[in-house]
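Written below as structure tokens is the structure these notes are about.
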2 protein chains.
Amino acid sequence: MKILRAPQSVAAWSERLRKEGLTIGFVPTMGALHDGHRSLIRAARLRCDALVVSIFVNPTQFGPTEDLTKYPRPITHDRALCRAEGVDVCFEPTPDAMYPEGCQTIVTVPEIAHRWEGKTRPHHFAGVATVVTKLFGIVRPHVALFGQKDYQQAALIKRLVADLNLGVTIDVRPTIREKDGLAMSSRNRYLSPDDRRAATILYQSFQAGRQAIEAGAKSVSTVECIMAKMVAQESTAHIEYLALCDPASLEPLTQVKGRILLLGAIRIGSVRLIDNMLITR
Amino acid sequence: MKILRAPQSVAAWSERLRKEGLTIGFVPTMGALHDGHRSLIRAARLRCDALVVSIFVNPTQFGPTEDLTKYPRPITHDRALCRAEGVDVCFEPTPDAMYPEGCQTIVTVPEIAHRWEGKTRPHHFAGVATVVTKLFGIVRPHVALFGQKDYQQAALIKRLVADLNLGVTIDVRPTIREKDGLAMSSRNRYLSPDDRRAATILYQSFQAGRQAIEAGAKSVSTVECIMAKMVAQESTAHIEYLALCDPASLEPLTQVKGRILLLGAIRIGSVRLIDNMLITR
């Protein structure tokens, strides 16, 4: 496995492979790799000739009060996982290489970004959209893989790629969960043992929501109420949002029909958890 | 010469050529081609294996009161010029193909865009930055050529390509002028004969500015005043801005030293004219 830091080196590598007619798969990450990332890497390994994983804790998608400096960076572990999964290039740019002095261009996807995560984290999605555009420019992958856990992010990236004609296929893969249903996340390690036990309540609320829908619940507010009541059973859990929305536009639904996305964010102590469940009947 | 309308057809053509190791040159235009465009096309023809010219009057870079509907569209003439200059692909997308329903992503380059043309035309540069990113995504050129006449636009595109790692070399070519110095522009055809004669005053003001600088003028305001006085000699000319600025950042200069960009916009009747002169001593 090559470990490359310079964007130009990755771009040159990619160009060479593309000329040979090889397909390039790409899994962009912020490191602290877990089994969710591993499943993306394995899926990419199966469908592409060559495989790039980027490890870059992107400063522009963190808010001023967020966990940028304490975000976990277990680089030795991450490289070992990449090596074991047959990654060809581990791209580890520095913040200065990604954002040299004078750098100012911003990519925004306003309609998808303004709700949910975008409301709580105002500049988050501009940071995501910009860095993903840059990474795609450098790596020039045929396919890029993202986890469904960050549903709004994946929707935003699909939109961005179509809108800017970036020519990358976006493959969104199912969320990988712990045995008790908690969606895998690099931030789960922040949870105390008690909070870790409580954290599964978000997934349980989606299951309750799904059951209510399958049992024929008529109104959106009924289902949302059922989900909120489930979360309320954990006294340490605080709801940021819990909603039924359109899986394409992410707009809130007014009727319980068609494809439904259950979308939620809760806080347990100082740890924010997000998750979602897609219901296709 | 191929005339292609579908972005996917151009992308597929480009991909095929890149795999063969050929270099692709690109001249994006809004049509109404004149000798300025012709010089870009010829320069591209000389330095690249294959050559794409796009003809697209981009709606998103026009303001609500601007000349979108009456912008000239002499497509037969434009195609003939492209054919005569050895263009391989004339890319003529429709607005619907470029901006299908749901399209929302916006690219901005805030520091370069906020002054001069950006002040008079608030959403202009977001429209330019977004469409150029899209066109580069579709055409995937090795080199794209722009005229120095639209200096701020060229500076913005250079910045954008570096910031988003688009991997396109930007070649800015000298302004082509009429015999009396008027910079060629598709909008010159709007000028009445009297206004056409008066229009050369903008170029004359730059020459007066240059002479003052070369004669050792000490202050920025002295030089700007000399340029303004020259324009004032034409009673029909109205100054929008006339300034000495830094050729890289486009910020106004406070001292007459180093490389200097004379930048200006005037109105003659309802026609807006822009031009610039780079002074390197």
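Identifiers in this document derive from the order of the structure tokens: chains are assigned A, B, ..., residues are numbered from 1 separately in each chain, and ligands are numbered from 1 in order of occurrence.
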Distance filter 8 Å, only C-alpha atoms, chain A against chain B, as a VMD selection string: chain A and resid 18 to 21 99 103 to 111 130 133 to 135 137 to 138 159 to 160 162 to 167
Grab the residues selected above and save them as a short mmCIF file (atom, residue, chain, number, x, y, z; two decimals), in the first residue's frame with N, CA and C atoms.
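Result went into result-v6.cif, see below:
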data_model
loop_
_atom_site.label_atom_id
_atom_site.label_comp_id
_atom_site.auth_asym_id
_atom_site.auth_seq_id
_atom_site.Cartn_x
_atom_site.Cartn_y
_atom_site.Cartn_z
N ARG A 18 -6.09 5.56 -14.96
CA ARG A 18 -7.22 5.80 -15.86
C ARG A 18 -6.81 5.59 -17.31
N LYS A 19 -5.60 6.01 -17.64
CA LYS A 19 -5.11 5.82 -19.01
C LYS A 19 -4.99 4.35 -19.36
N GLU A 20 -4.73 3.53 -18.34
CA GLU A 20 -4.64 2.08 -18.57
C GLU A 20 -6.03 1.44 -18.61
N GLY A 21 -7.06 2.24 -18.43
CA GLY A 21 -8.41 1.71 -18.50
C GLY A 21 -8.88 1.08 -17.20
N TYR A 99 -5.74 23.27 2.00
CA TYR A 99 -6.19 24.67 2.06
C TYR A 99 -4.99 25.61 2.13
N CYS A 103 -6.67 30.29 -0.56
CA CYS A 103 -7.77 29.38 -0.90
C CYS A 103 -9.09 29.94 -0.38
N GLN A 104 -10.13 29.97 -1.17
CA GLN A 104 -11.36 30.67 -0.77
C GLN A 104 -12.62 30.11 -1.40
N THR A 105 -12.49 29.23 -2.39
CA THR A 105 -13.67 28.76 -3.11
C THR A 105 -14.55 27.88 -2.21
N ILE A 106 -15.85 28.10 -2.31
CA ILE A 106 -16.81 27.36 -1.47
C ILE A 106 -17.89 26.76 -2.37
N VAL A 107 -18.21 25.50 -2.09
CA VAL A 107 -19.29 24.82 -2.81
C VAL A 107 -20.45 24.65 -1.83
N THR A 108 -21.64 25.06 -2.26
CA THR A 108 -22.82 24.90 -1.39
C THR A 108 -23.95 24.21 -2.15
N VAL A 109 -24.76 23.48 -1.40
CA VAL A 109 -25.91 22.75 -1.96
C VAL A 109 -27.11 23.18 -1.10
N PRO A 110 -27.61 24.40 -1.34
CA PRO A 110 -28.44 25.05 -0.33
C PRO A 110 -29.71 24.31 0.07
N GLU A 111 -30.44 23.74 -0.89
CA GLU A 111 -31.74 23.17 -0.51
C GLU A 111 -31.59 21.90 0.34
N THR A 130 -17.38 21.23 -0.18
CA THR A 130 -16.13 21.76 -0.75
C THR A 130 -15.03 20.71 -0.70
N THR A 133 -15.64 17.90 -3.24
CA THR A 133 -15.33 18.36 -4.61
C THR A 133 -13.83 18.33 -4.84
N LYS A 134 -13.08 18.82 -3.85
CA LYS A 134 -11.62 18.83 -3.96
C LYS A 134 -11.07 17.39 -4.03
N LEU A 135 -11.53 16.54 -3.13
CA LEU A 135 -11.03 15.15 -3.12
C LEU A 135 -11.35 14.45 -4.44
N GLY A 137 -11.66 15.92 -7.29
CA GLY A 137 -10.76 16.53 -8.27
C GLY A 137 -9.38 15.89 -8.23
N ILE A 138 -8.92 15.57 -7.04
CA ILE A 138 -7.59 14.98 -6.87
C ILE A 138 -7.58 13.50 -7.25
N ARG A 159 -26.28 14.92 -5.03
CA ARG A 159 -26.78 16.13 -5.70
C ARG A 159 -25.63 16.94 -6.30
N LEU A 160 -24.60 17.13 -5.50
CA LEU A 160 -23.41 17.89 -5.90
C LEU A 160 -22.74 17.30 -7.13
N ALA A 162 -24.08 15.35 -9.41
CA ALA A 162 -24.94 15.55 -10.58
C ALA A 162 -24.88 17.01 -11.03
N ASP A 163 -24.99 17.92 -10.08
CA ASP A 163 -25.07 19.35 -10.41
C ASP A 163 -23.78 19.87 -11.04
N LEU A 164 -22.64 19.40 -10.55
CA LEU A 164 -21.36 19.90 -11.07
C LEU A 164 -20.77 18.98 -12.14
N ASN A 165 -21.54 17.99 -12.59
CA ASN A 165 -21.11 17.09 -13.66
C ASN A 165 -19.75 16.46 -13.36
N LEU A 166 -19.59 15.99 -12.11
CA LEU A 166 -18.28 15.49 -11.72
C LEU A 166 -17.99 14.08 -12.25
N GLY A 167 -19.01 13.40 -12.76
CA GLY A 167 -18.76 12.11 -13.40
C GLY A 167 -18.30 11.03 -12.44
#
Strand (DSSP E or B) call set, DSSP backbone run, stretch 146-185 of chain A, as an MDAnalysis selection string: chainID A and resid 146:147 169:173 177 183
Just write the chosen residues, N, CA and C atoms, as a compact mmCIF listing (two decimals), in the first residue's frame.
# COMPACT_ATOMS: atom_id res chain seq x y z
N PHE A 146 -20.11 5.84 0.25
CA PHE A 146 -20.46 6.53 1.48
C PHE A 146 -21.44 5.67 2.27
N GLY A 147 -21.44 5.85 3.59
CA GLY A 147 -22.35 5.09 4.43
C GLY A 147 -23.69 5.78 4.56
N THR A 169 -19.71 8.00 -9.82
CA THR A 169 -20.87 7.24 -9.35
C THR A 169 -20.83 7.19 -7.82
N ILE A 170 -21.93 7.57 -7.20
CA ILE A 170 -21.99 7.55 -5.73
C ILE A 170 -22.75 6.30 -5.28
N ASP A 171 -22.07 5.49 -4.49
CA ASP A 171 -22.64 4.23 -4.01
C ASP A 171 -22.85 4.37 -2.50
N VAL A 172 -24.12 4.41 -2.08
CA VAL A 172 -24.42 4.56 -0.66
C VAL A 172 -24.74 3.19 -0.07
N ARG A 173 -23.97 2.77 0.92
CA ARG A 173 -24.07 1.41 1.46
C ARG A 173 -24.77 1.41 2.82
N ARG A 177 -24.11 -1.78 12.06
CA ARG A 177 -24.54 -1.54 13.44
C ARG A 177 -23.86 -2.48 14.43
N ALA A 183 -25.70 2.49 15.50
CA ALA A 183 -24.95 2.68 14.25
C ALA A 183 -23.48 2.94 14.59
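Proximity to A:Trp13 was assessed for A:Pro247, A:Thr60, A:Ala50, A:Thr120 counting only C-alpha atoms; the smallest distance is recorded for A:Ala50.
Taking atom CA of A:Ser192 and atom CA of A:Gln61 as endpoints, the distance between them is 25.2 Å.
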Members of stretch 120-197 of chain A assigned helix (DSSP H, G or I) by DSSP, as a PyMOL selection string: chain A and resi 120+124-139+148-163+186-190+193-197
Of the listed residues A:Leu278, A:Leu22, A:Ile226, A:Val220, that which approaches A:Pro252 most closely, counting only C-alpha atoms: A:Val220
Non-local contacts of A:Leu253 (12 Å; only C-alpha atoms; under 6 positions in same chain excluded) as a PyMOL selection string: chain A and resi 219-221+223-224+243-247+259-263
